[in-house]
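Novice: My questions all concern the structure below.
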Amino acid sequence: MEKDRALARDCGLWIADCGLKNVTIVEGDILRLAWRDLIPQSAITNPQFKVIGNIPYYITTPIIEQALRERPALIVLLVQEEVADRIASPPGSKTYGALSVGVQVEAQVEKLFGVKAGAFTPPPKVHSAVIRLRPLERPLVAASEVPAFQTFVAACFSLRRKTLRNVLRAITGRPGAVVEAALATLQYDPRARPETIAPDRFVKLWRWSNAGPDLRPEGGL
């Protein structure tokens, strides 16, 4: 897929010159096209496809979000190494944050290998890395819930220096006693920091934040 009309035309000519029959250049904006419409017609009800690409780094997050919405069998992307580290980071690491949680509730993440700047001409000012995402068969958050969940997680990490008790008080507006009771029920340390909370545990916190004052999280525990 190529947004630049002239480059898309030139790529099409190069492919024709090479005699390749199984490659098609699609001219268009990757964030505006329905990816599944590009899959060749098949007798299979739900044909599987893979997303593999060297993408513009400045739209890495929107592309990953779009890819996860499309539910491919596999996503392999070359991204800025700093972003790859953030996406793949485990709880408790320095680079673990809202992006890590947002992706990991929907996919298994692996950082495969790094790519030095010298591998490109001209060399960029950053190093790169290849990441592999395998969308979960049962995501921890439904597609319709993703925007609200991401907003909640981003709010938590905006207060990452505060304890979990104070973070939830600030975000939900609930009294400290109510928050502490909920954390005790959910078996969370009220002194923990957001960067130590695993993705599945963030989902439980978010569901509690949407629940009524009886403290029963939506969908149970």
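To be explicit about the labels: the chains of the structure tokens are called A, B, and onward in the order shown, and within each one the residues are counted from 1, while ligands get numbers from 1 in the order they are shown.
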Taking 4 positions as the minimum chain separation for residues in the same chain, which residues sit within 6 Å of Leu164 in chain A when counting only C-alpha atoms? Answer as a count of residues only.
Specialist: 4
Novice: Let's see if you can do this: from backbone DSSP, list all strand (DSSP E or B) residues in range 10-218 of chain A, as a ChimeraX atom specification.
Specialist: /A:27,50-54,74-80,107-115,128-135
Novice: So, with only C-alpha atoms as the atoms that count, which of A:Gln108, A:Asn54, A:Ser209, A:Thr185 lies closest to Ala129 in chain A?
Specialist: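 When distances to Ala129 in chain A are compared using only C-alpha atoms, the smallest one comes from A:Asn54.
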Novice: Quote the spacing between CA of Ile25 in chain A and CA of Phe49 in chain A in Å to one decimal place.
Specialist: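 About the pair CA of Ile25 in chain A and CA of Phe49 in chain A: they are 16.4 Å apart.
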